[in-house]
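A short write-up of the structure that comes next.
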Amino acid sequence: MNALTPFAPILTLSLGSLGYLLGGKFMERTKLTALFACVVVGVALYLIVGAVDTGPTIVHGLVVNPFSRLLALLACAGALVSIVGSASSLRGEEIEMTSEYYFLMLTSLCGALLMVLASDLLTLFIGLEVASLALYCLCGARVAKRASSESALKYFLMGSFSSAFFLYGIALWYGATGTLAVVSEPRVVVSSSPLLMLSFLMMVVGMAFKLGLAPFHFWVPDVYQGAPTSVTTYMSCVVKVAAFGALLRLSIESFVVPTPWSTGVLWLIAVLAMTVGNFAALQQRSVKRMLAYSSVAQAGYMLMGLVAFDGSSDAIAAVLYYLIAYSAMTIGAFMVLSAIGPDADDLDDVRGLGKRSPFLATCLTVVFLALAGLPPGLAGLIGKVYLFAVTLSNEFYGLAIIAALNSALSCAYYLRVPAAALFQSAPSEVALRLSLPTKVALLVCAGAVVMLGVFPQAVLDLATNAAAVLSAH
Amino acid sequence: MDFNSYALSLLILVPTFGALVCLGPWFPKERGAEACRWWAVLVSALVLALILALVKGSLVEPNATLSMEEARTWIPSFGITYHLKLDGLSAVFVVLTALISLVVIAWSARPKQGHRAWYALLLAGEASVIGAFLATDLVLFYVFYELMLLPVVGGLALWGGARKFTAALKFLLYTVVGSVLMLLAIIYLGWSGRALLGSGEASFAFEITTLSSLQLLTAQEEVWVALAFLIAFAVKIPMVPLHSWVPDTYREAPHGVAAFTAALLGKVGIYGILRFMWPLFPTFMVQVAPLLAVIGAVGIVYGALVALAQKDIRSLLAYSSVSHLGFCVLGIASISEMAVTGAVFQALSHGLVTAALFLVFGAVIDREGVRDFESLGGLAPKLPWVAFFLMVFSIASIALPLTSSFVGEFLIIIGSWASFPQWTLLALFGVVLGAVYTLTAYLKIMFGAPRPSSETGSRGDLRGTDVVLASALALSIFVLGLFPQRVLSLIEGALQPTFESRFASAAHAVEGISPNDNPVDQAGALPVVSAKDTANHDHLSLDSRSL
Amino acid sequence: MTFMGFVLAVCAVASGIGVIGFRNPLYSAFSLVANLMTMAGLYALLDAHFLAVSQVVVYAGAIMVLVLFVLMLLNLKVEGGAKLGLMRAGLALTAGVLILVTGLKPIMEHFSSVPAITLRENATKTVGDVASIGEQLFGRYVVQFELSSLVLLIGIVGAVMLAKRKHVQLAPRSVFGEAE
Amino acid sequence: MVTGDSRLGLMVVAPLMGAIVSFALGRIVPRMAGVLASAAVAVSFALTLTLFGALDLSGEFTTSLSSWISMDKVSLPLELLFDKLSAVMCLVVTGIGFLIHLYAIGYMAEDEGRARFFSYLNLFIFSMLLLVLGKSLPVIFIGWEGVGLCSYLLIGFWFTNTEYASAGRKAFVMNRIGDVGFLVAMAILYTACGTLDVVELRKPEVLSRIPADLGFLAGLALFFAATGKSAQIPLFTWLPDAMAGPTPVSALIHAATMVTAGVYLMGRMSGVVELDPLVPAIILWVALATAIVAATTALAQNDIKKVLAYSTVSQLGFMFLAVGVGAYGVAIFHVVTHAFFKACLFLSAGSVIHGCHHEQDMRRMGGLWRSMPLTCASYGVATVAIAGIWPLAGYFSKHAILESVSSTHNPFLFEYAPTIGLLATLVAICTAVYMGRSFILTFLGSYRGEGHPHEVPLVMILPVLVLALLSISGGLYLDGSLVQYLQGPLPPVSVHGHEGQSVVAHLFGSLPGIVGIGVALALFMYLTGIKDVLRRALWPLERLFAGKYYVDEVFEGAVVKPVAGLSTIAFRSLDQAIIDGGGSSLGSISRAVGELTRRMTSGQVTTYLLGMLLAVSILFVVFGEVR
Amino acid sequence: MSSLLGYLGLSLLLFVIGAIGVCIRRNAIVVFMCIEMMLNAVNLSFVTFSKLLGNLDGQIAVFFVMVIAAAEAAVGLAIIISVFRNVASVETSDAAELKW
């Protein structure tokens with residue numbers, strides 16, 4: 001039975017999604033679609049927590065260890081919060097086929113879980129495609145809205161394009177090692193053969209695309225902006241978590257980084273991402289695009305941890321901690337937008353939020369301050385401290401300084417949002433009414449952003465534990 | 001539960017709680033303003049009472065040294081602690097913070113709208129500044145250091161002038177660029193701390209006493225790390241040429257926020273240099289002292305010169321702040337105990353004076369509706385109280401004797417002459433220019449024939465509470481000017497250990513770079529060392545030092 | 001490379017160029033069909049018989065029919081020729097050549113160190129007939145096989161969601177939602 | 001030595017209390033202000049007298065006001081020292097101060113700001129007492145700055161007139177420039193000697209710690225401070241402008257007391273001043289130049305107060321002449337006599353102004369002896385006194401100065417002694433001429449103004465008469481004895497009194513004064529034709545004198561304009577353009593870069609794909625070949 | 001065995017041709033077809049590697065890629081139709097409302 005436990009969450013999600021195919025009409029009529037999705041994700045979450053570690057012998061493509069469990073947990077939690085939070089905004093977004101919507105959401109979560117749990121590259125690729133295909137569709141969920149389908153098209157074309165690269169990477173890995181497993185026997189260091197290097201580059205391109213790292217970030221602003229905000233909320237967390245999980249595992253477990261060569265590759269991408277993301281966000285008036293660019297930059301910060309990875313668990317733990325913190329921040333940020341309205345995007349839509357809904361404005365302020373790395377959003381600050389710490393302690397001074405200056409620069413645009421919300425007058429004085437689930441979800445995000453900073457120790461321990469798995473290799 | 005073990009946290013928590021309460025629904029829009037004000041006054045008065053109660057003992061007892069600590073774990077795996085410490089140095093600044101906050105909060109003029117946010121921001125600002133003055137863990141300090149931005153940016157954005165967002169952005173970028181580099185430096189230090197602490201529980205160390213007890217960095221590392229700290233603090237103080245956020249911020253901010261910022265924020269920079277940079281980078285501080293002296297002295301003259309060209313009251317105050325704080329920099333640079341104590345005292349005094357000036361000038365601006373003093377004039381007969389207090393605080397600002405500023409500047413000048421006579425001399429010209437622009441401003445605003453055109457917007461003289469508050473500030477300025485010794489010994493008691501333990505060795509380490517090779521001069525540069533042997537009962541005798 | 005292989009390779013490249021070269025999407029689609037067929041031939045040459053058959057059935061048979069169907073459904077015109085930027089083409093070509101140049105060497109050289117005898121032995125081992133593939137699919141890769149059904153399901157549901165239209169409201173609503 | 005005598009503290013504090021009380025109470029009962037303030041000064045005067053009386057018995061008095069700066073190794077208490085020197089100064093300050101307070105009650109009777117006025121006046125007395133009683137340099141400096149402040153406040157007392165207020169500011173700023181010297185001196189002395197106590201700084205063993213070059217600098221810095229306060233070249237132009245203040249202020253601050261603080265300081269710090277003999281030499285030459293310039297300028301002034309102001313500057317130059325030759329006692333002697341007759345002159349002038357309805361131009365006066373006989377008498381007496389005619393006060397002190405100049409031992413001055421003597425005598429003649437002129441223009445001849453001048457009330461005339469009396473008898477009484485008396489705190493002086501001399505000798509000594517007055521009578525009363533001839537012949541000189549040597553213009557051009565220009569340059573070119581502009585341009589650059597990166601996301605998915613492909617190819621090229 | 005290596009080269013060549021096509025064509029369906037071609041090129045690599053290495057994993061991978069390609073086709077074409085309904089074009093240059 002133990003051998004099957006890794007499958008339990010996957011199975012739950014797939015069966016749950018099948019439930020929509022069977023009882024979708026009924027659920028739509030009784031307005032239980034969201035609730036059902038929550039229950040399914042909740043059960044999956046529970047099962048992940050309960051999943052026992054798979055031993056060294058890996059059966060049937062899935063591996064459970066503290067690392068993959070933490071990421072799976074994070075993906076599920078993120079999905080749960082974003083589903084809870086945006087359940088009431090679907091109507092405003094004119095998404096009427098809610099059972100299909102949730103079907104796709106559950107399957108994409110399933111794909112994300114596959115990505116972090118996969119023990120072979122085939123599973124990983126399937127997971128990637130499951131997640132991506134579902135998300136392509138979700139982006140176009142507002143079928144009547146031009147921007148939505150446009151974003152779906154862009155996401156689809158670019159996603160498939162990058163998938164091809166990723167697939168080529170897998171092929172080359174297969175050619176170089178003769179196996180499709182994530183961990184090759186014997187393990188090979190990436191710089192040991194040109195083919196492996198090529199494979200690594202290809203896979204990094206694929207993952208960099210999913211993470212929105214520059215120069216593969218072009219899709220991010222368009223898709224984040226065009227997709228329904230509820231989908232953006234979900235995507236900004238789950239895709240990042242899954243892709244980071246995959247990237248970390250591939251780099252460390254498959255390609256046995258760090259080598260000076262691979263570090264160079266990642267260094268360049270990290271620097272490009274944070275710089276391009278921050279600069280491009282500087283002049284945005286669309287909050288969603290700005291958050292999109294900022295997510296590029298944030299991914300750059302996180303990549304910094306992998307660059308600084310030296311074989312000890314600290315660097316990865318830093319990435320994980322920041323990933324957790326970032327999930328809370330980004331979900332919170334997008335959820336605030338979707339709570340304002342289905343088409344809330346421009347800075348003007350945020351104006352005067354403090355008057356229209358103090359609660360929303362407070363959450364927004366906390367979350368955006370956290371993104372900027374300023375208290376009281378301590379999670380962002382502590383996360384940055386940790387990332388900078390590992391970067392510095394592995395003597396990447398240039399990277400750390402670039403990142404620091406970038407994060408200073410980022411304040412310029414992050415703070416414009418709370419400034420507009422709190423300090424400018426509203427175009428409409430209509431008070432916003434939030435549904436209870438939205439409030440709860442927002443509270444969870446804002447609370448997490450603060451509490452992760454005030455009491456970070458437990459999470460840090462968790463992250464260190466998880467990271468230890470990777471660094472043990 | 002022992003009061004003392006929570007007392008320091010209370011200093012931070014009380015205003016925080018007060019701020020949260022201010023935001024609550026019980027101070028409604030129209031009717032709640034005064035109630036909210038009194039609540040905020042109550043809270044800030046409580047904080048003042050609390051800190052005075054803590055400091056009282058050492059102010060009354062001549063030889064008592066003040067030292068209270070509160071240490072808790074925060075992020076053990078990372079070596080970050082919640083460590084607060086109240087000693088003479090921090091006590092001085094915390095008292096200043098509490099007093100200025102009380103005055104700014106109680107001051108009757110406030111923006112017409114948003115009383116809840118106003119008092120909440122001010123109280124939150126008070127909490128964060130106090131936190132910054134108490135924290136001895138570098139990361140904790142950094143957190144408070146960043147939190148301090150809150151009242152300024154918020155105040156600017158909510159109630160600022162026409163160019164408020166530009167000003168807020170400028171302020172923010174300047175300080176954040178500085179502080180982020182400092183964050184890197186902090187982390188680097190913490191990491192280096194790990195390297196030497198060995199395989200302890202904590203992997204990093206950020207607590208200042210722990211860090212300073214170790215020789216963590218190589219000379220080159222120290223330069224870079226210390227430079228990052230220095231830039232951050234230099235922006236905050238502000239030191240020339242990193243001051244250009246100051247005029248914009250002070251010009252656009254509402255009076256209370258400008259007073260708060262000018263009086264308190266820069267002091268954190270000075271405090272930071274003394275609290276953190278001194279113990280951590282003694283060698284660097286000795287090395288960089290000549291440069292700092294130049295920056296300080298040039299800042300004094302430069303600030304004064306530029307102030308001379310100002311037409312706007314607020315800009316004038318901004319540049320005069322730059323000028324006055326140059327003295328602090330010069331004092332710190334001289335590394336003579338006298339001058340450094342003077343620098344702290346000057347910082348304290350500048351806080352009092354500048355807050356008062358901002359508030360009283362604010363009254364002028366509010367009443368006349370204009371702020372460039374070409375269009376003001378002849379106000380003295382119309383606003384006698386304003387004229388009176390403005391004169392008192394102007395006098396204090398130009399450091400006339402018996403005001404607290406004089407004590408500070410006097411100590412700095414006398415103390416730093418031994419190390420940097422030429423720069424001290426330059427600084428003295430700033431003193432002259434200071435008198436020129438201050439009196440010119442006063443002359444243009446208050447003196448001359450009353451203008452009939454400026455009658456619009458007149459709301460009469462200062463109100464009763466404001467008179468009381470201004471009197472309190474004036475009184476404290478004169479009391480400190482006349483009886484500074486308790487405060488001075490409080491400061492000195494906190495600084496002395498650092499002096500004795502760190503600079504003696506640091507001075508020897510950099511003997512080579514000293515401007516003179518004469519050993520007597522070495523002693524002259526560090527009077528404390530030589531003074532030990534020659535001090536008699538009444539006077540400090542110093543070895544002579546040629547120019 | 002055998003003669004047959006060479007011919008197929010040339011065809012593949014030619015049809016590939018055709019895919020990207022024809023202005024009329026229909027011709028592109030036909031070129032792609034040709035390309036896919038040559039691929040099937042190549043698979044067959046490489047003893048991947050099962051794949052060769054699947055290639056014809058799945059790609060040429062199913063996918064391309066779908067593509068052609070959509071093409072016909074949308075009744076697409078020829079892509080505007082003037083719009084095809086030379087600079088863009090040049091850049092793309094440069095990038096492609098660069099990838100080719102830098103990629104070819106490591107790929108081709110990787111097996112040069114492997115003794116030819118081993119490779120010949122290996123080659124005889126891999127015969128991708130239905131039996132051996134089936135054994136693998138329902139053995140080691142059964143989980144992935146099951147998961148692939150999920151992929152197809154997504155394809156179906158997604159297509160339904162995107163392509164099926166209920167009542168479409170064309171009037172835009174206000175940003176701030178409506179009072180319900 | 002008596003320490004901790006409460007009278008000493010009370011003496012200082014009384015005027016401070018007076019200031020506060022008269023300010024507070026005076027707002028309610030304006031009439032009381034003057035009385036209260038005068039009473040406070042009277043208390044001080046009385047206490048000074050008692051202490052003065054006790055001085056011979058018990059030596060010096062000291063008391064501590066506050067421990068002020070007392071740190072571990074630094075101790076700078078606020079202590080007062082009442083020795084013979086400060087006793088003399090205190091008597092002058094409180095005595096004459098009291099008289100002038102009395103006078104002011106009448107003079108300011110109509111003014112609305114009486115309370116403020118008397119409060120400032122009392123504050124001045126307080127500061128001045130601190131100055132003369134300070135036991136250490138910081139305390140002296142407190143008083144020094146305090147009197148500067150009061151001077152500023154009182155010059156600009158009628159602040160609705162911007163010119164008056166500006167004059168106050170000018171005075172303050174000029175004094176501040178001088179204060180730089182004071183601070184430098186303190187810094188040098190403290191750094192070198194480790195103490196700022198004046199008693200300590202008299203001891204040779206302490207002074208020997210000062211290196212030679214620093215000693216020179218310290219002395220010079222102190223003198224520089226004195227030039228500010230005592231209106232010597234180059235910082236003297238504020239004093240004539242200071243006449244903008246009410247006349248009692250001019251009498252008290254700008255004639256009798258504050259301006260002599262520089263002389264007092266030189267005396268107090270004689271040890272430091274004489275460390276390098278070059279310093280006294282510099283002092284002497286500067287003083288001589290000041291005396292000449294001021295005296296000649298006074299010749300061409302028409303404002304009665306301006307004449308007196310330049311006369312004060314010139315007389316201060318005389319005092320510094322004595323300082324320059326080391327005759328500090330003599331200098332103080334002249335301080336005292338000058339206080340008598342100059343206060344008398346100013347108060348009389350004030351009465352004239354008061355009587356002529358605030359007319360100050362002498363050309364619109366004349367013949368006032370008829371309407372204001374008592375004032376005329378006092379003014380006349382004081383004129384004779386300042387002219388240096390036996391047996392009035394000025395003769396003795398001025399003669400003593402001339403005598404001490406000729407007997408100087410300073411190596412730098414020795415050979416020039418006759419020249420100096422000659423020039424000083426010329427100045428003395430000049431003094432008599434312009435004073436005579438002012439007397440003639442004001443009181444003799446016929447009335448040229450409008451309205452009816454009237455004699456002033458008793459409360460104003462009484463102090464004037466007392467001062468006139470002092471101007472007559474002060475010299476006789478103090479001659480020799482005062483210099484002798486001050487031998488303790490001041491270095492001994494070789495000059496002796498005039499006891500043994502015959503009347504003829506005295507008259508011979510008075511010759512400059514007699515000649516001067518004669519010339520004045522000749523030129524301005526009897527032979528006015530010659531005046532016009534002279535005026536035509538010497539018009540460049542007259543221009544120069546009337547234009548006050550164009551010092552103000554030179555100062556404006558050499559200091560004020562450049563500083564203002566520098567300030568504008570610093571603000572516009574440096575601060576706004578470079579420092580601020582640098583920051584802003586950094587902002588606009590990053591915004592532009594932001595715009596550029598933003599535009600990279602063009603919306604065209606084909607471009608995105610191409611971008612990705614290019615990125616991949618670049619990655620391959622950069623990292624592909626690396627082994 | 002150079003013939004097998006030749007297949008690898010061919011695979012890369014086809015991949016690059018597909019990639020170039022992706023970048024220069026603006027018809028979304030053609031772009032999609034180019035992507036399909038890229039996937040096919042990779043498949044060829046898989047099969048060749050499988051041959052070279054002597055295990056069937058590569059061929060299995062190809063099988064799954066085909067499945068995914070099929071699903072991708074369904075999703076992609078649905079998206080294209082959806083875009084066509086909104087924009088009345090499948091030219092990617094017409095679907096460029098979201099930018100900057």
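Chain labels run A, B, ... following the order of the structure tokens; each chain numbers its residues from 1, and ligands are numbered from 1 in the order shown.
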
Next item on the list: When you get a sec, could you note down which chain D residues fall within 10 Å of chain A, using only C-alpha atoms, as a ChimeraX atom specification?
Entry: /D:587,590-609,611-616,619-620,622-627

Non-local contacts of Leu39 (chain E) (10 Å; only C-alpha atoms; under 5 positions in same chain excluded) as an mmCIF file with N, CA, C and O atoms, in the first residue's frame:
```cif
data_model
loop_
_atom_site.group_PDB
_atom_site.id
_atom_site.type_symbol
_atom_site.label_atom_id
_atom_site.label_comp_id
_atom_site.auth_asym_id
_atom_site.auth_seq_id
_atom_site.Cartn_x
_atom_site.Cartn_y
_atom_site.Cartn_z
ATOM 1 N N SER A 160 4.359 25.988 -26.112
ATOM 2 C CA SER A 160 4.683 24.787 -26.895
ATOM 3 C C SER A 160 6.091 24.890 -27.464
ATOM 4 O O SER A 160 6.843 23.915 -27.500
ATOM 5 N N PHE A 161 6.416 26.073 -27.921
ATOM 6 C CA PHE A 161 7.761 26.305 -28.458
ATOM 7 C C PHE A 161 8.815 25.962 -27.417
ATOM 8 O O PHE A 161 9.765 25.221 -27.667
ATOM 9 N N SER A 163 8.364 24.169 -24.782
ATOM 10 C CA SER A 163 8.271 22.746 -24.450
ATOM 11 C C SER A 163 9.122 21.922 -25.400
ATOM 12 O O SER A 163 9.745 20.936 -25.015
ATOM 13 N N ALA A 164 9.133 22.342 -26.671
ATOM 14 C CA ALA A 164 9.936 21.625 -27.648
ATOM 15 C C ALA A 164 11.406 21.650 -27.247
ATOM 16 O O ALA A 164 12.108 20.638 -27.329
ATOM 17 N N PHE A 165 11.837 22.822 -26.794
ATOM 18 C CA PHE A 165 13.228 22.900 -26.333
ATOM 19 C C PHE A 165 13.466 21.988 -25.151
ATOM 20 O O PHE A 165 14.450 21.270 -25.062
ATOM 21 N N LEU A 167 11.841 19.387 -24.378
ATOM 22 C CA LEU A 167 11.796 18.004 -24.836
ATOM 23 C C LEU A 167 13.124 17.626 -25.496
ATOM 24 O O LEU A 167 13.651 16.530 -25.288
ATOM 25 N N TYR A 168 13.641 18.545 -26.273
ATOM 26 C CA TYR A 168 14.939 18.275 -26.893
ATOM 27 C C TYR A 168 15.994 18.060 -25.810
ATOM 28 O O TYR A 168 16.866 17.188 -25.897
ATOM 29 N N SER E 11 17.895 15.481 -37.243
ATOM 30 C CA SER E 11 16.937 15.886 -36.212
ATOM 31 C C SER E 11 17.151 17.336 -35.809
ATOM 32 O O SER E 11 16.221 18.138 -35.754
ATOM 33 N N LEU E 14 16.082 19.645 -38.614
ATOM 34 C CA LEU E 14 14.632 19.817 -38.700
ATOM 35 C C LEU E 14 14.109 20.667 -37.550
ATOM 36 O O LEU E 14 13.210 21.498 -37.709
ATOM 37 N N PHE E 15 14.708 20.443 -36.397
ATOM 38 C CA PHE E 15 14.312 21.227 -35.208
ATOM 39 C C PHE E 15 14.533 22.714 -35.479
ATOM 40 O O PHE E 15 13.675 23.555 -35.232
ATOM 41 N N GLY E 18 12.130 24.064 -38.007
ATOM 42 C CA GLY E 18 10.849 24.313 -37.338
ATOM 43 C C GLY E 18 10.905 25.587 -36.528
ATOM 44 O O GLY E 18 9.993 26.426 -36.579
ATOM 45 N N MET E 33 2.001 24.312 -36.666
ATOM 46 C CA MET E 33 2.536 23.194 -37.446
ATOM 47 C C MET E 33 4.058 23.138 -37.323
ATOM 48 O O MET E 33 4.660 22.058 -37.223
ATOM 49 N N CYS E 34 4.666 24.285 -37.308
ATOM 50 C CA CYS E 34 6.119 24.307 -37.149
ATOM 51 C C CYS E 34 6.531 23.707 -35.814
ATOM 52 O O CYS E 34 7.532 23.000 -35.699
ATOM 53 N N LEU E 44 12.666 12.142 -33.597
ATOM 54 C CA LEU E 44 13.683 11.445 -34.379
ATOM 55 C C LEU E 44 14.934 11.233 -33.537
ATOM 56 O O LEU E 44 15.544 10.152 -33.564
ATOM 57 N N SER E 45 15.295 12.256 -32.789
ATOM 58 C CA SER E 45 16.446 12.112 -31.889
ATOM 59 C C SER E 45 16.225 10.969 -30.919
ATOM 60 O O SER E 45 17.102 10.153 -30.670
ATOM 61 N N VAL E 62 8.774 8.748 -27.372
ATOM 62 C CA VAL E 62 8.165 9.223 -28.610
ATOM 63 C C VAL E 62 6.666 8.976 -28.599
ATOM 64 O O VAL E 62 5.863 9.832 -28.989
ATOM 65 N N VAL E 65 5.102 11.554 -26.537
ATOM 66 C CA VAL E 65 5.131 12.853 -27.196
ATOM 67 C C VAL E 65 4.012 12.932 -28.230
ATOM 68 O O VAL E 65 3.345 13.965 -28.389
ATOM 69 N N MET E 66 3.790 11.816 -28.928
ATOM 70 C CA MET E 66 2.697 11.813 -29.900
ATOM 71 C C MET E 66 1.367 12.076 -29.230
ATOM 72 O O MET E 66 0.543 12.867 -29.728
ATOM 73 N N ILE E 68 0.829 13.610 -26.473
ATOM 74 C CA ILE E 68 0.773 15.009 -26.050
ATOM 75 C C ILE E 68 0.553 15.922 -27.243
ATOM 76 O O ILE E 68 -0.218 16.902 -27.182
ATOM 77 N N ALA E 69 1.212 15.580 -28.351
ATOM 78 C CA ALA E 69 1.039 16.397 -29.551
ATOM 79 C C ALA E 69 -0.417 16.397 -29.980
ATOM 80 O O ALA E 69 -0.959 17.435 -30.389
#
```

Next item on the list: Pick out the chain A residues within 8 Å of chain C. Count only C-alpha atoms. Give them as an MDAnalysis selection string.
Entry: chainID A and resid 14 60:61 92 97 100:101 104 107 122:123 126 129:130 133:134 137:138 140:141 143:144 172 176 193:195 198 340:344 349

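CA of Lys288 (chain A) is positioned 23.1 Å from CA of Leu405 (chain A).
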
Checklist line | Residues of chain E within 8 Å of chain D, counting only C-alpha atoms, as a PyMOL selection string | finding: chain E and resi 19+22-26+92-93+95-100

Margin query: Please identify the alpha helix (DSSP H) residues within region 23-159 of chain C (assignment by DSSP from backbone atoms) and present them as a VMD selection string.
Written below: chain C and resid 25 to 45 49 to 54 64 to 74 86 to 109 116 to 125 130 to 137 142 to 159

Would you mind listing what lies within 8 Å of Asn27 (chain E) as a PDB file with all heavy atoms, in the first residue's frame, with only C-alpha atoms counted and same-chain residues fewer than 6 positions away left out?
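Just written: around-v5.pdb:
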```
ATOM      1  N   PRO C  25      -1.122  28.512 -46.243  1.00  0.00           N
ATOM      2  CA  PRO C  25      -1.069  27.558 -45.124  1.00  0.00           C
ATOM      3  C   PRO C  25      -1.449  26.151 -45.541  1.00  0.00           C
ATOM      4  O   PRO C  25      -0.946  25.176 -44.951  1.00  0.00           O
ATOM      5  CB  PRO C  25      -2.093  28.119 -44.135  1.00  0.00           C
ATOM      6  CG  PRO C  25      -2.624  29.358 -44.700  1.00  0.00           C
ATOM      7  CD  PRO C  25      -2.009  29.649 -46.009  1.00  0.00           C
ATOM      8  N   GLU C  79      -0.942  34.433 -46.324  1.00  0.00           N
ATOM      9  CA  GLU C  79      -0.266  35.406 -45.466  1.00  0.00           C
ATOM     10  C   GLU C  79       0.283  36.534 -46.304  1.00  0.00           C
ATOM     11  O   GLU C  79       0.834  36.313 -47.370  1.00  0.00           O
ATOM     12  CB  GLU C  79       0.903  34.706 -44.763  1.00  0.00           C
ATOM     13  CG  GLU C  79       1.058  35.099 -43.315  1.00  0.00           C
ATOM     14  CD  GLU C  79       2.099  34.221 -42.669  1.00  0.00           C
ATOM     15  OE1 GLU C  79       1.768  33.102 -42.248  1.00  0.00           O
ATOM     16  OE2 GLU C  79       3.240  34.661 -42.602  1.00  0.00           O
TER      17      GLU C  79
ATOM     18  N   VAL E  90      -6.389  34.742 -37.864  1.00  0.00           N
ATOM     19  CA  VAL E  90      -5.472  33.880 -37.121  1.00  0.00           C
ATOM     20  C   VAL E  90      -4.035  34.371 -37.286  1.00  0.00           C
ATOM     21  O   VAL E  90      -3.098  33.697 -36.940  1.00  0.00           O
ATOM     22  CB  VAL E  90      -5.565  32.410 -37.564  1.00  0.00           C
ATOM     23  CG1 VAL E  90      -6.880  31.806 -37.167  1.00  0.00           C
ATOM     24  CG2 VAL E  90      -5.337  32.274 -39.057  1.00  0.00           C
ATOM     25  N   GLU E  91      -3.917  35.550 -37.869  1.00  0.00           N
ATOM     26  CA  GLU E  91      -2.586  36.132 -37.956  1.00  0.00           C
ATOM     27  C   GLU E  91      -2.170  36.562 -36.553  1.00  0.00           C
ATOM     28  O   GLU E  91      -2.923  37.267 -35.875  1.00  0.00           O
ATOM     29  CB  GLU E  91      -2.624  37.356 -38.863  1.00  0.00           C
ATOM     30  CG  GLU E  91      -3.105  37.082 -40.265  1.00  0.00           C
ATOM     31  CD  GLU E  91      -1.963  36.712 -41.199  1.00  0.00           C
ATOM     32  OE1 GLU E  91      -0.980  37.451 -41.221  1.00  0.00           O
ATOM     33  OE2 GLU E  91      -2.054  35.663 -41.869  1.00  0.00           O
ATOM     34  N   THR E  92      -0.975  36.164 -36.141  1.00  0.00           N
ATOM     35  CA  THR E  92      -0.555  36.545 -34.782  1.00  0.00           C
ATOM     36  C   THR E  92      -0.391  38.053 -34.675  1.00  0.00           C
ATOM     37  O   THR E  92      -0.539  38.628 -33.608  1.00  0.00           O
ATOM     38  CB  THR E  92       0.771  35.866 -34.420  1.00  0.00           C
ATOM     39  OG1 THR E  92       1.720  36.168 -35.446  1.00  0.00           O
ATOM     40  CG2 THR E  92       0.606  34.383 -34.300  1.00  0.00           C
TER      41      THR E  92
END
```

Next item on the list: For chain E, list the residues within 9 Å of chain A, counting only C-alpha atoms, and write the list as number ranges by chain.
Entry: E: 15, 19, 22, 28, 31-32, 35-36, 38-39, 41-43, 45-46, 48-50, 52-55, 57-58, 61, 64-65, 68, 71-72, 75-76, 78-80, 82-87, 92, 95-100

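Those residues that approach Asn65 (chain A) to within 8 Å, counting only C-alpha atoms, are Val52, Asp53, Thr54, Ala466 and Val469 of chain A; same-chain residues fewer than 5 positions away are not listed.
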
Check: Near Gly296 (chain B), counting only C-alpha atoms, which residues have an atom at most 9 Å away, once you skip same-chain residues fewer than 4 positions from it, shown as a PyMOL selection string?
Finding: chain B and resi 239-240+291-292+300-301+323+325-331+333+423+427
